[in-house]
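Undergrad: Next comes the structure file data.json, holding JSON, N, CA and C atoms and all ligand atoms.
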```json
[["chain", "number", "residue", "atom", "x", "y", "z"],
["A", 1, "MET", "N", 65.99, 168.80, 9.95],
["A", 1, "MET", "CA", 66.94, 169.46, 10.86],
["A", 1, "MET", "C", 66.20, 170.31, 11.88],
["A", 2, "LYS", "N", 65.21, 171.01, 11.39],
["A", 2, "LYS", "CA", 64.44, 171.87, 12.29],
["A", 2, "LYS", "C", 63.75, 171.01, 13.36],
["A", 3, "LYS", "N", 63.29, 169.84, 12.94],
["A", 3, "LYS", "CA", 62.59, 168.93, 13.85],
["A", 3, "LYS", "C", 63.51, 168.47, 14.98],
["A", 4, "VAL", "N", 64.75, 168.16, 14.62],
["A", 4, "VAL", "CA", 65.74, 167.70, 15.61],
["A", 4, "VAL", "C", 65.96, 168.77, 16.67],
["A", 5, "LEU", "N", 66.11, 170.00, 16.21],
["A", 5, "LEU", "CA", 66.34, 171.11, 17.14],
["A", 5, "LEU", "C", 65.16, 171.26, 18.11],
["A", 6, "LEU", "N", 63.97, 171.15, 17.58],
["A", 6, "LEU", "CA", 62.78, 171.28, 18.41],
["A", 6, "LEU", "C", 62.73, 170.21, 19.48],
["A", 7, "SER", "N", 63.11, 168.97, 19.12],
["A", 7, "SER", "CA", 63.09, 167.90, 20.11],
["A", 7, "SER", "C", 64.11, 168.15, 21.22],
["A", 8, "LEU", "N", 65.24, 168.72, 20.83],
["A", 8, "LEU", "CA", 66.27, 169.03, 21.83],
["A", 8, "LEU", "C", 65.75, 170.06, 22.83],
["A", 9, "VAL", "N", 65.06, 171.05, 22.33],
["A", 9, "VAL", "CA", 64.49, 172.08, 23.21],
["A", 9, "VAL", "C", 63.46, 171.45, 24.15],
["A", 10, "ALA", "N", 62.66, 170.54, 23.61],
["A", 10, "ALA", "CA", 61.64, 169.87, 24.42],
["A", 10, "ALA", "C", 62.30, 169.06, 25.54],
["A", 11, "LEU", "N", 63.39, 168.36, 25.21],
["A", 11, "LEU", "CA", 64.10, 167.57, 26.20],
["A", 11, "LEU", "C", 64.63, 168.45, 27.32],
["A", 12, "ALA", "N", 65.20, 169.58, 26.95],
["A", 12, "ALA", "CA", 65.77, 170.49, 27.93],
["A", 12, "ALA", "C", 64.69, 170.98, 28.90],
["A", 13, "ALA", "N", 63.50, 171.21, 28.37],
["A", 13, "ALA", "CA", 62.41, 171.69, 29.19],
["A", 13, "ALA", "C", 61.96, 170.64, 30.20],
["A", 14, "PHE", "N", 62.18, 169.37, 29.85],
["A", 14, "PHE", "CA", 61.73, 168.29, 30.74],
["A", 14, "PHE", "C", 62.72, 167.97, 31.86],
["A", 15, "SER", "N", 63.99, 168.32, 31.66],
["A", 15, "SER", "CA", 64.95, 168.02, 32.72],
["A", 15, "SER", "C", 64.90, 169.12, 33.77],
["A", 16, "GLN", "N", 63.95, 168.95, 34.69],
["A", 16, "GLN", "CA", 63.73, 169.98, 35.69],
["A", 16, "GLN", "C", 64.65, 169.81, 36.89],
["A", 17, "ALA", "N", 64.70, 170.82, 37.69],
["A", 17, "ALA", "CA", 65.54, 170.78, 38.89],
["A", 17, "ALA", "C", 64.87, 169.92, 39.96],
["A", 18, "ASP", "N", 65.69, 169.47, 40.87],
["A", 18, "ASP", "CA", 65.17, 168.70, 42.00],
["A", 18, "ASP", "C", 64.56, 169.62, 43.05],
["A", 19, "GLN", "N", 63.67, 169.06, 43.81],
["A", 19, "GLN", "CA", 63.14, 169.81, 44.95],
["A", 19, "GLN", "C", 63.39, 168.99, 46.21],
["A", 20, "LEU", "N", 63.47, 169.69, 47.34],
["A", 20, "LEU", "CA", 63.62, 169.02, 48.62],
["A", 20, "LEU", "C", 62.32, 169.23, 49.39],
["A", 21, "VAL", "N", 61.63, 168.14, 49.66],
["A", 21, "VAL", "CA", 60.34, 168.22, 50.34],
["A", 21, "VAL", "C", 60.51, 167.76, 51.78],
["A", 22, "LYS", "N", 60.00, 168.54, 52.72],
["A", 22, "LYS", "CA", 60.08, 168.16, 54.13],
["A", 22, "LYS", "C", 58.71, 167.75, 54.63],
["A", 23, "LEU", "N", 58.70, 166.59, 55.28],
["A", 23, "LEU", "CA", 57.43, 166.05, 55.77],
["A", 23, "LEU", "C", 57.51, 165.80, 57.26],
["A", 24, "ASN", "N", 56.42, 166.02, 57.97],
["A", 24, "ASN", "CA", 56.32, 165.61, 59.36],
["A", 24, "ASN", "C", 55.56, 164.30, 59.40],
["A", 25, "VAL", "N", 56.23, 163.27, 59.92],
["A", 25, "VAL", "CA", 55.64, 161.94, 59.93],
["A", 25, "VAL", "C", 55.38, 161.53, 61.38],
["A", 26, "SER", "N", 54.17, 161.12, 61.67],
["A", 26, "SER", "CA", 53.87, 160.69, 63.03],
["A", 26, "SER", "C", 53.56, 159.20, 63.06],
["A", 27, "GLY", "N", 53.76, 158.59, 64.23],
["A", 27, "GLY", "CA", 53.42, 157.18, 64.41],
["A", 27, "GLY", "C", 54.58, 156.22, 64.23],
["A", 28, "MET", "N", 55.77, 156.73, 63.92],
["A", 28, "MET", "CA", 56.93, 155.83, 63.77],
["A", 28, "MET", "C", 57.50, 155.52, 65.15],
["A", 29, "THR", "N", 57.70, 154.23, 65.44],
["A", 29, "THR", "CA", 58.19, 153.85, 66.77],
["A", 29, "THR", "C", 59.49, 153.05, 66.74],
["A", 30, "CYS", "N", 59.89, 152.53, 65.59],
["A", 30, "CYS", "CA", 61.10, 151.70, 65.54],
["A", 30, "CYS", "C", 61.69, 151.73, 64.13],
["A", 31, "PRO", "N", 62.89, 151.15, 63.98],
["A", 31, "PRO", "CA", 63.54, 151.17, 62.67],
["A", 31, "PRO", "C", 62.71, 150.54, 61.55],
["A", 32, "ALA", "N", 61.84, 149.58, 61.90],
["A", 32, "ALA", "CA", 61.01, 148.96, 60.86],
["A", 32, "ALA", "C", 60.03, 149.99, 60.30],
["A", 33, "CYS", "N", 59.56, 150.89, 61.16],
["A", 33, "CYS", "CA", 58.67, 151.96, 60.70],
["A", 33, "CYS", "C", 59.41, 152.86, 59.71],
["A", 34, "VAL", "N", 60.66, 153.18, 60.03],
["A", 34, "VAL", "CA", 61.47, 154.02, 59.15],
["A", 34, "VAL", "C", 61.58, 153.36, 57.78],
["A", 35, "LYS", "N", 61.81, 152.04, 57.80],
["A", 35, "LYS", "CA", 61.94, 151.29, 56.56],
["A", 35, "LYS", "C", 60.62, 151.34, 55.78],
["A", 36, "ASN", "N", 59.50, 151.16, 56.48],
["A", 36, "ASN", "CA", 58.19, 151.22, 55.82],
["A", 36, "ASN", "C", 57.96, 152.57, 55.16],
["A", 37, "VAL", "N", 58.29, 153.63, 55.89],
["A", 37, "VAL", "CA", 58.07, 154.99, 55.37],
["A", 37, "VAL", "C", 58.97, 155.22, 54.15],
["A", 38, "LYS", "N", 60.23, 154.80, 54.27],
["A", 38, "LYS", "CA", 61.16, 154.96, 53.15],
["A", 38, "LYS", "C", 60.66, 154.22, 51.91],
["A", 39, "GLU", "N", 60.15, 153.01, 52.14],
["A", 39, "GLU", "CA", 59.66, 152.22, 51.01],
["A", 39, "GLU", "C", 58.43, 152.87, 50.37],
["A", 40, "SER", "N", 57.55, 153.41, 51.21],
["A", 40, "SER", "CA", 56.36, 154.08, 50.66],
["A", 40, "SER", "C", 56.78, 155.26, 49.80],
["A", 41, "LEU", "N", 57.75, 156.02, 50.32],
["A", 41, "LEU", "CA", 58.21, 157.19, 49.57],
["A", 41, "LEU", "C", 58.86, 156.78, 48.26],
["A", 42, "GLY", "N", 59.58, 155.65, 48.30],
["A", 42, "GLY", "CA", 60.27, 155.18, 47.10],
["A", 42, "GLY", "C", 59.31, 154.80, 45.98],
["A", 43, "GLY", "N", 58.04, 154.52, 46.37],
["A", 43, "GLY", "CA", 57.06, 154.13, 45.36],
["A", 43, "GLY", "C", 56.34, 155.32, 44.73],
["A", 44, "VAL", "N", 56.65, 156.52, 45.20],
["A", 44, "VAL", "CA", 55.97, 157.71, 44.66],
["A", 44, "VAL", "C", 56.72, 158.21, 43.44],
["A", 45, "LYS", "N", 55.96, 158.52, 42.41],
["A", 45, "LYS", "CA", 56.54, 158.99, 41.15],
["A", 45, "LYS", "C", 57.37, 160.25, 41.36],
["A", 46, "GLY", "N", 58.60, 160.21, 40.84],
["A", 46, "GLY", "CA", 59.44, 161.40, 40.90],
["A", 46, "GLY", "C", 60.38, 161.44, 42.09],
["A", 47, "VAL", "N", 60.15, 160.57, 43.07],
["A", 47, "VAL", "CA", 61.00, 160.55, 44.26],
["A", 47, "VAL", "C", 62.33, 159.88, 43.94],
["A", 48, "LYS", "N", 63.42, 160.53, 44.32],
["A", 48, "LYS", "CA", 64.75, 160.00, 44.01],
["A", 48, "LYS", "C", 65.42, 159.44, 45.25],
["A", 49, "GLU", "N", 65.25, 160.12, 46.37],
["A", 49, "GLU", "CA", 65.98, 159.75, 47.58],
["A", 49, "GLU", "C", 65.19, 160.22, 48.78],
["A", 50, "SER", "N", 65.28, 159.49, 49.88],
["A", 50, "SER", "CA", 64.62, 160.00, 51.07],
["A", 50, "SER", "C", 65.43, 159.69, 52.31],
["A", 51, "SER", "N", 65.37, 160.61, 53.26],
["A", 51, "SER", "CA", 65.97, 160.38, 54.57],
["A", 51, "SER", "C", 64.84, 160.48, 55.58],
["A", 52, "VAL", "N", 64.74, 159.47, 56.43],
["A", 52, "VAL", "CA", 63.65, 159.44, 57.41],
["A", 52, "VAL", "C", 64.27, 159.44, 58.81],
["A", 53, "TYR", "N", 63.80, 160.36, 59.66],
["A", 53, "TYR", "CA", 64.35, 160.50, 61.00],
["A", 53, "TYR", "C", 63.32, 160.07, 62.03],
["A", 54, "LEU", "N", 63.61, 158.93, 62.65],
["A", 54, "LEU", "CA", 62.68, 158.33, 63.61],
["A", 54, "LEU", "C", 62.41, 159.25, 64.81],
["A", 55, "LYS", "N", 63.48, 159.71, 65.46],
["A", 55, "LYS", "CA", 63.35, 160.51, 66.68],
["A", 55, "LYS", "C", 62.59, 161.81, 66.44],
["A", 56, "ASP", "N", 62.91, 162.46, 65.33],
["A", 56, "ASP", "CA", 62.30, 163.76, 65.04],
["A", 56, "ASP", "C", 60.94, 163.63, 64.38],
["A", 57, "GLY", "N", 60.60, 162.45, 63.90],
["A", 57, "GLY", "CA", 59.35, 162.29, 63.18],
["A", 57, "GLY", "C", 59.33, 163.12, 61.90],
["A", 58, "ARG", "N", 60.43, 163.06, 61.20],
["A", 58, "ARG", "CA", 60.55, 163.86, 59.98],
["A", 58, "ARG", "C", 61.05, 163.01, 58.83],
["A", 59, "ALA", "N", 60.77, 163.51, 57.63],
["A", 59, "ALA", "CA", 61.35, 162.91, 56.44],
["A", 59, "ALA", "C", 61.75, 164.03, 55.49],
["A", 60, "GLU", "N", 62.87, 163.84, 54.84],
["A", 60, "GLU", "CA", 63.30, 164.77, 53.79],
["A", 60, "GLU", "C", 63.39, 163.99, 52.50],
["A", 61, "VAL", "N", 62.75, 164.52, 51.49],
["A", 61, "VAL", "CA", 62.65, 163.77, 50.24],
["A", 61, "VAL", "C", 63.22, 164.59, 49.09],
["A", 62, "LYS", "N", 64.14, 163.97, 48.37],
["A", 62, "LYS", "CA", 64.67, 164.60, 47.15],
["A", 62, "LYS", "C", 63.87, 164.03, 45.99],
["A", 63, "ALA", "N", 63.28, 164.92, 45.23],
["A", 63, "ALA", "CA", 62.43, 164.47, 44.13],
["A", 63, "ALA", "C", 62.51, 165.45, 42.98],
["A", 64, "ASP", "N", 62.11, 165.01, 41.81],
["A", 64, "ASP", "CA", 62.09, 165.98, 40.72],
["A", 64, "ASP", "C", 60.86, 166.88, 40.87],
["A", 65, "ASP", "N", 60.89, 167.97, 40.13],
["A", 65, "ASP", "CA", 59.89, 169.01, 40.30],
["A", 65, "ASP", "C", 58.45, 168.57, 40.08],
["A", 66, "SER", "N", 58.29, 167.48, 39.32],
["A", 66, "SER", "CA", 56.93, 167.04, 39.00],
["A", 66, "SER", "C", 56.29, 166.28, 40.17],
["A", 67, "ALA", "N", 57.09, 165.86, 41.14],
["A", 67, "ALA", "CA", 56.56, 165.07, 42.26],
["A", 67, "ALA", "C", 55.72, 165.95, 43.19],
["A", 68, "LYS", "N", 54.61, 165.38, 43.65],
["A", 68, "LYS", "CA", 53.70, 166.14, 44.51],
["A", 68, "LYS", "C", 53.92, 165.76, 45.98],
["A", 69, "PRO", "N", 54.19, 166.74, 46.83],
["A", 69, "PRO", "CA", 54.34, 166.46, 48.27],
["A", 69, "PRO", "C", 53.11, 165.76, 48.84],
["A", 70, "GLU", "N", 51.93, 166.11, 48.36],
["A", 70, "GLU", "CA", 50.69, 165.48, 48.85],
["A", 70, "GLU", "C", 50.67, 163.98, 48.52],
["A", 71, "ALA", "N", 51.21, 163.63, 47.35],
["A", 71, "ALA", "CA", 51.25, 162.22, 46.97],
["A", 71, "ALA", "C", 52.20, 161.45, 47.89],
["A", 72, "MET", "N", 53.27, 162.11, 48.33],
["A", 72, "MET", "CA", 54.21, 161.47, 49.27],
["A", 72, "MET", "C", 53.50, 161.19, 50.59],
["A", 73, "CYS", "N", 52.75, 162.18, 51.06],
["A", 73, "CYS", "CA", 52.02, 162.01, 52.32],
["A", 73, "CYS", "C", 50.95, 160.92, 52.18],
["A", 74, "ASP", "N", 50.28, 160.90, 51.06],
["A", 74, "ASP", "CA", 49.26, 159.87, 50.83],
["A", 74, "ASP", "C", 49.87, 158.48, 50.93],
["A", 75, "ALA", "N", 51.05, 158.31, 50.35],
["A", 75, "ALA", "CA", 51.72, 157.01, 50.37],
["A", 75, "ALA", "C", 52.08, 156.62, 51.81],
["A", 76, "ILE", "N", 52.54, 157.59, 52.57],
["A", 76, "ILE", "CA", 52.92, 157.33, 53.97],
["A", 76, "ILE", "C", 51.67, 156.97, 54.79],
["A", 77, "LYS", "N", 50.59, 157.69, 54.54],
["A", 77, "LYS", "CA", 49.33, 157.40, 55.25],
["A", 77, "LYS", "C", 48.82, 156.01, 54.92],
["A", 78, "GLN", "N", 48.97, 155.63, 53.65],
["A", 78, "GLN", "CA", 48.53, 154.28, 53.25],
["A", 78, "GLN", "C", 49.32, 153.21, 53.97],
["A", 79, "ALA", "N", 50.56, 153.53, 54.35],
["A", 79, "ALA", "CA", 51.38, 152.56, 55.08],
["A", 79, "ALA", "C", 51.03, 152.56, 56.57],
["A", 80, "GLY", "N", 50.13, 153.45, 56.98],
["A", 80, "GLY", "CA", 49.64, 153.43, 58.34],
["A", 80, "GLY", "C", 50.21, 154.49, 59.27],
["A", 81, "TYR", "N", 50.85, 155.50, 58.70],
["A", 81, "TYR", "CA", 51.44, 156.56, 59.52],
["A", 81, "TYR", "C", 50.75, 157.89, 59.21],
["A", 82, "GLY", "N", 50.97, 158.84, 60.11],
["A", 82, "GLY", "CA", 50.43, 160.17, 59.88],
["A", 82, "GLY", "C", 51.44, 160.99, 59.11],
["A", 83, "CYS", "N", 50.94, 161.93, 58.31],
["A", 83, "CYS", "CA", 51.88, 162.75, 57.53],
["A", 83, "CYS", "C", 51.30, 164.12, 57.24],
["A", 84, "LYS", "N", 52.16, 165.12, 57.40],
["A", 84, "LYS", "CA", 51.80, 166.47, 56.99],
["A", 84, "LYS", "C", 52.99, 167.07, 56.27],
["A", 85, "VAL", "N", 52.72, 167.81, 55.21],
["A", 85, "VAL", "CA", 53.79, 168.49, 54.51],
["A", 85, "VAL", "C", 54.24, 169.65, 55.40],
["A", 86, "ALA", "N", 55.52, 169.71, 55.70],
["A", 86, "ALA", "CA", 56.06, 170.77, 56.56],
["A", 86, "ALA", "C", 56.10, 172.07, 55.77],
["A", 87, "LYS", "N", 55.71, 173.14, 56.41],
["A", 87, "LYS", "CA", 55.70, 174.44, 55.72],
["A", 87, "LYS", "C", 57.07, 175.09, 55.82],
["B", 101, "CU", "CU", 58.04, 150.26, 63.89]]
```
Can I see the file as structure tokens?
Ligand SMILES: [Cu+2]
TA:
Amino acid sequence: MKKVLLSLVALAAFSQADQLVKLNVSGMTCPACVKNVKESLGGVKGVKESSVYLKDGRAEVKADDSAKPEAMCDAIKQAGYGCKVAK
């Protein structure tokens, strides 16, 4: 019984809150670029949802707390775009 309670506490500790990460993305010129950036973000661990704005060169990413903004930028850079985590 004690063991069950401990596992429940552990589970609760793992269900963290979401974070909203803002990124400045450069080099996007058309809707296909937006799609590429969205797909790159979707491949990053912890990312749940992303909105990418072509005109503004921005992306907003909903992710769980364990996700690293730097990893999101790395994924975008690997797809051939520039990225900086917005402060
Ligand atoms: Cu494009």
Undergrad: So, counting only C-alpha atoms, which residue among A:Asp64, A:Tyr81, A:Asn24, A:Ala86 is closest to Val44 in chain A?
TA: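 Checking each of A:Asp64, A:Tyr81, A:Asn24, A:Ala86 against Val44 in chain A, counting only C-alpha atoms, the winner is A:Asp64.
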Undergrad: Produce as a VMD selection string the set of residues near ligand CU 101 (chain B), where near means within 8 Å with only N, CA and C atoms and all ligand atoms considered.
TA: chain A and resid 27 to 36
Undergrad: DSSP on the backbone: what in range 41-86 of chain A comes out alpha helix (DSSP H), as JSON, numbers by chain?
TA: {"A": [41, 42, 69, 70, 71, 72, 73, 74, 75, 76, 77, 78]}
Undergrad: Write a file of the just-selected residues containing N, CA and C atoms, as a PDB file, keeping the file's coordinate frame.
TA:
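And here's again.pdb as it stands now:
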```pdb
ATOM      1  N   LEU A  41      57.750 156.020  50.320  1.00  0.00           N
ATOM      2  CA  LEU A  41      58.210 157.190  49.570  1.00  0.00           C
ATOM      3  C   LEU A  41      58.860 156.780  48.260  1.00  0.00           C
ATOM      4  N   GLY A  42      59.580 155.650  48.300  1.00  0.00           N
ATOM      5  CA  GLY A  42      60.270 155.180  47.100  1.00  0.00           C
ATOM      6  C   GLY A  42      59.310 154.800  45.980  1.00  0.00           C
ATOM      7  N   PRO A  69      54.190 166.740  46.830  1.00  0.00           N
ATOM      8  CA  PRO A  69      54.340 166.460  48.270  1.00  0.00           C
ATOM      9  C   PRO A  69      53.110 165.760  48.840  1.00  0.00           C
ATOM     10  N   GLU A  70      51.930 166.110  48.360  1.00  0.00           N
ATOM     11  CA  GLU A  70      50.690 165.480  48.850  1.00  0.00           C
ATOM     12  C   GLU A  70      50.670 163.980  48.520  1.00  0.00           C
ATOM     13  N   ALA A  71      51.210 163.630  47.350  1.00  0.00           N
ATOM     14  CA  ALA A  71      51.250 162.220  46.970  1.00  0.00           C
ATOM     15  C   ALA A  71      52.200 161.450  47.890  1.00  0.00           C
ATOM     16  N   MET A  72      53.270 162.110  48.330  1.00  0.00           N
ATOM     17  CA  MET A  72      54.210 161.470  49.270  1.00  0.00           C
ATOM     18  C   MET A  72      53.500 161.190  50.590  1.00  0.00           C
ATOM     19  N   CYS A  73      52.750 162.180  51.060  1.00  0.00           N
ATOM     20  CA  CYS A  73      52.020 162.010  52.320  1.00  0.00           C
ATOM     21  C   CYS A  73      50.950 160.920  52.180  1.00  0.00           C
ATOM     22  N   ASP A  74      50.280 160.900  51.060  1.00  0.00           N
ATOM     23  CA  ASP A  74      49.260 159.870  50.830  1.00  0.00           C
ATOM     24  C   ASP A  74      49.870 158.480  50.930  1.00  0.00           C
ATOM     25  N   ALA A  75      51.050 158.310  50.350  1.00  0.00           N
ATOM     26  CA  ALA A  75      51.720 157.010  50.370  1.00  0.00           C
ATOM     27  C   ALA A  75      52.080 156.620  51.810  1.00  0.00           C
ATOM     28  N   ILE A  76      52.540 157.590  52.570  1.00  0.00           N
ATOM     29  CA  ILE A  76      52.920 157.330  53.970  1.00  0.00           C
ATOM     30  C   ILE A  76      51.670 156.970  54.790  1.00  0.00           C
ATOM     31  N   LYS A  77      50.590 157.690  54.540  1.00  0.00           N
ATOM     32  CA  LYS A  77      49.330 157.400  55.250  1.00  0.00           C
ATOM     33  C   LYS A  77      48.820 156.010  54.920  1.00  0.00           C
ATOM     34  N   GLN A  78      48.970 155.630  53.650  1.00  0.00           N
ATOM     35  CA  GLN A  78      48.530 154.280  53.250  1.00  0.00           C
ATOM     36  C   GLN A  78      49.320 153.210  53.970  1.00  0.00           C
TER      37      GLN A  78
END
```
Undergrad: What is the distance, in Å and to one decimal place, between atom C of Lys68 in chain A and atom C of Val47 in chain A?
TA: 10.5 Å
Undergrad: Go ahead and fit an axis-aligned box to every listed atom of range 65-72 of chain A plus 6 Å each side, and pass me the centre and edge lengths in Å, one decimal, as AutoDock Vina command-line options.
TA:
```
--center_x 55.8 --center_y 165.1 --center_z 44.8 --size_x 22.2 --size_y 19.8 --size_z 23.6
```
Undergrad: Would you give me, as a list of chain:residue names, the residues in chain A that DSSP reads as strand (DSSP E or B)?
TA: A:Asp18, A:Gln19, A:Leu20, A:Val21, A:Lys22, A:Leu23, A:Asn24, A:Val25, A:Ser26, A:Val47, A:Lys48, A:Glu49, A:Ser50, A:Ser51, A:Val52, A:Tyr53, A:Arg58, A:Ala59, A:Glu60, A:Val61, A:Lys62, A:Ala63, A:Asp64, A:Gly82, A:Cys83, A:Lys84, A:Val85
Undergrad: Excluding Val25 in chain A and its own-chain neighbours fewer than 5 positions away, which residues fall within 5 Å of it when counting only N, CA and C atoms? Please give them as a PyMOL selection string.
TA: chain A and resi 57-58+82-83
Undergrad: Okay, now the selection with N, CA and C atoms, as an mmCIF file, in the frame of the given file?
TA:
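What landed in again35.cif:
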```cif
data_model
loop_
_atom_site.group_PDB
_atom_site.id
_atom_site.type_symbol
_atom_site.label_atom_id
_atom_site.label_comp_id
_atom_site.auth_asym_id
_atom_site.auth_seq_id
_atom_site.Cartn_x
_atom_site.Cartn_y
_atom_site.Cartn_z
ATOM 1 N N GLY A 57 60.600 162.450 63.900
ATOM 2 C CA GLY A 57 59.350 162.290 63.180
ATOM 3 C C GLY A 57 59.330 163.120 61.900
ATOM 4 N N ARG A 58 60.430 163.060 61.200
ATOM 5 C CA ARG A 58 60.550 163.860 59.980
ATOM 6 C C ARG A 58 61.050 163.010 58.830
ATOM 7 N N GLY A 82 50.970 158.840 60.110
ATOM 8 C CA GLY A 82 50.430 160.170 59.880
ATOM 9 C C GLY A 82 51.440 160.990 59.110
ATOM 10 N N CYS A 83 50.940 161.930 58.310
ATOM 11 C CA CYS A 83 51.880 162.750 57.530
ATOM 12 C C CYS A 83 51.300 164.120 57.240
#
```
Undergrad: Find the residues around Leu20 in chain A up to 8 Å (only N, CA and C atoms counted), leave out those fewer than 4 positions away in its own chain, and share them as a list of chain:residue names.
TA: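 Non-adjacent residues within range: A:Glu60, A:Val61, A:Lys62, A:Ala63, A:Asp64, A:Asp65.
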Undergrad: Out of A:Ala67, A:Met72, A:Ala79, A:Val85, which residue has the shortest atom-to-atom distance to Gln19 in chain A when counting only C-alpha atoms?
TA: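 Using only C-alpha atoms, Gln19 in chain A sits closest to A:Ala67.
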Undergrad: What is the distance, in Å and to one decimal place, between CA of Lys87 in chain A and CA of Leu23 in chain A?
TA: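 Distance reported for this atom pair: 8.6 Å.
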Undergrad: Can you measure CA of Asp56 in chain A to CA of Glu70 in chain A for me? One decimal in Å is fine.
TA: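 Distance between the two atoms: 20.0 Å.
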Undergrad: Given the choices A:Ser50, A:Ser26, A:Asp18, A:Lys38, which gets closest to Ser66 in chain A if the distance is worked out from only N, CA and C atoms?
TA: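 Checking each of A:Ser50, A:Ser26, A:Asp18, A:Lys38 against Ser66 in chain A, counting only N, CA and C atoms, the winner is A:Asp18.
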Undergrad: Find, counting only C-alpha atoms, the residue in A:Gly43, A:Leu54, A:Lys48, A:Val37 that gets nearest to Ala17 in chain A.
TA: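 Among the listed residues, the smallest separation from Ala17 in chain A belongs to A:Lys48.
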